[in-house]
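**Student:** Structure file run-v1.csv (CSV, C-alpha atoms) right here:
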chain,number,residue,atom,x,y,z
A,17,GLN,CA,-25.5,321.8,225.9
A,18,ASN,CA,-28.9,323.0,224.9
A,19,GLY,CA,-29.5,319.9,222.8
A,20,GLN,CA,-26.9,321.0,220.3
A,21,TYR,CA,-24.4,318.2,221.0
A,22,LEU,CA,-24.5,314.4,221.6
A,23,TYR,CA,-21.8,312.5,223.4
A,24,GLY,CA,-20.8,308.9,222.6
A,25,ASN,CA,-18.1,306.3,222.1
A,26,SER,CA,-17.8,302.8,221.0
A,27,GLN,CA,-17.6,299.8,223.3
A,28,HIS,CA,-13.8,299.7,223.5
A,29,GLU,CA,-12.8,303.3,223.4
A,30,SER,CA,-11.2,305.6,226.0
A,31,THR,CA,-12.2,308.8,224.2
A,32,ILE,CA,-15.6,310.5,224.0
A,33,CYS,CA,-16.8,311.8,220.6
A,34,VAL,CA,-18.8,315.1,220.7
A,35,TRP,CA,-21.3,315.1,217.8
A,36,ASP,CA,-22.9,318.3,216.5
A,37,ILE,CA,-26.5,317.3,215.9
A,38,ALA,CA,-27.2,319.9,213.3
A,39,SER,CA,-24.2,319.0,211.1
A,40,SER,CA,-24.1,315.3,212.0
A,41,SER,CA,-20.3,315.5,212.5
A,42,ILE,CA,-17.8,315.0,215.2
A,43,VAL,CA,-16.6,318.4,216.4
A,44,GLU,CA,-14.3,317.3,219.2
A,45,ARG,CA,-12.8,314.2,220.9
A,46,LEU,CA,-12.4,314.3,224.7
A,47,GLU,CA,-9.3,312.4,225.9
A,48,GLY,CA,-8.6,311.8,229.6
A,49,HIS,CA,-9.0,308.2,230.3
A,50,SER,CA,-6.4,305.5,229.7
A,51,ASN,CA,-8.8,302.6,229.5
A,52,THR,CA,-12.3,301.8,228.2
A,53,ILE,CA,-15.1,304.1,229.4
A,54,ARG,CA,-17.6,302.2,231.4
A,55,ASP,CA,-20.4,304.8,231.8
A,56,MET,CA,-21.2,308.4,231.1
A,57,TYR,CA,-23.8,310.9,232.3
A,58,SER,CA,-24.8,314.2,230.7
A,59,SER,CA,-26.7,316.7,232.8
A,60,SER,CA,-29.7,318.4,231.2
A,61,ARG,CA,-29.5,321.2,233.8
A,62,SER,CA,-25.8,322.2,233.3
A,63,ASP,CA,-23.2,321.8,230.7
A,64,THR,CA,-21.5,318.9,232.5
A,65,LEU,CA,-20.5,315.4,231.4
A,66,VAL,CA,-19.3,312.8,233.9
A,67,THR,CA,-17.5,309.7,232.7
A,68,THR,CA,-16.0,306.7,234.5
A,69,SER,CA,-13.6,304.2,233.1
A,70,PHE,CA,-11.9,300.9,233.8
A,71,ASP,CA,-8.8,303.0,234.6
A,72,LYS,CA,-10.5,303.6,238.0
A,73,LYS,CA,-11.0,307.4,237.3
A,74,THR,CA,-14.1,309.5,237.1
A,75,GLN,CA,-13.8,312.6,234.9
A,76,PHE,CA,-15.9,315.7,235.1
A,77,TRP,CA,-16.1,317.7,231.8
A,78,THR,CA,-17.6,321.1,231.4
A,79,THR,CA,-18.3,323.0,228.2
A,80,GLU,CA,-17.0,326.4,227.4
A,81,GLU,CA,-19.3,328.6,225.4
A,82,GLN,CA,-17.7,329.5,222.0
Would you kindly transcribe this structure into structure tokens?
**Tutor:**
Amino acid sequence: QNGQYLYGNSQHESTICVWDIASSSIVERLEGHSNTIRDMYSSSRSDTLVTTSFDKKTQFWTTEEQ
């Protein structure tokens, strides 16, 4: 996302926090997993985030320009 956002979560969360780097605040929480997220990958070439969880699901997230 053009370096504007940072994705993260704590060790035992099933949601992803979207941090706005400029304001240092959480602007959105992505919910879609029912168990702890094991790994996430953010592409620098597209606005795509991929997460995988202990719920045995892989989620693909894309951003919408606002």
**Student:** Got a sec: who's within 8 Å of A:Met56, counting all atoms listed in the file, leaving out chain neighbours fewer than 4 positions off, as a list of chain:residue names?
**Tutor:**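 Once the adjacent positions are removed, what remains is A:Leu65, A:Val66, A:Thr67, A:Thr68.
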**Student:** Do you have the atom CA of A:Ile42-atom CA of A:Leu22 distance handy?
**Tutor:**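 One can read the atom CA of A:Ile42 to atom CA of A:Leu22 distance as 9.3 Å.
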**Student:** Mind pulling up the distance from atom CA of A:Ser62 to atom CA of A:Ser41?
**Tutor:** 22.5 Å
**Student:** With all atoms listed in the file as the basis for distance, which of A:Tyr21, A:Ser30, A:Arg45, A:Ser59 is at the shortest distance from A:Asp71?
**Tutor:** A:Ser30
**Student:** From the set A:Tyr23, A:Ser40, A:Ile32, A:Gln75, which residue has the shortest atom-to-atom contact distance to A:Ser58, counting all atoms listed in the file?
**Tutor:** A:Tyr23
**Student:** To one decimal in Å, tell me the separation between atom CA of A:His28 and atom CA of A:Leu46.
**Tutor:**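 Those two atoms sit 14.7 Å apart.
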**Student:** For A:Cys33, which residue among A:Gln20, A:Glu47, A:Phe76, A:Thr52 is the nearest when counting all atoms listed in the file?
**Tutor:**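 Ranked by minimum distance to A:Cys33, first place goes to A:Glu47.
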**Student:** Which residue is closest to A:Gly48? Choose from A:Thr79, A:Gly24, A:Thr31, A:Lys72 and count only C-alpha atoms.
**Tutor:** A:Thr31
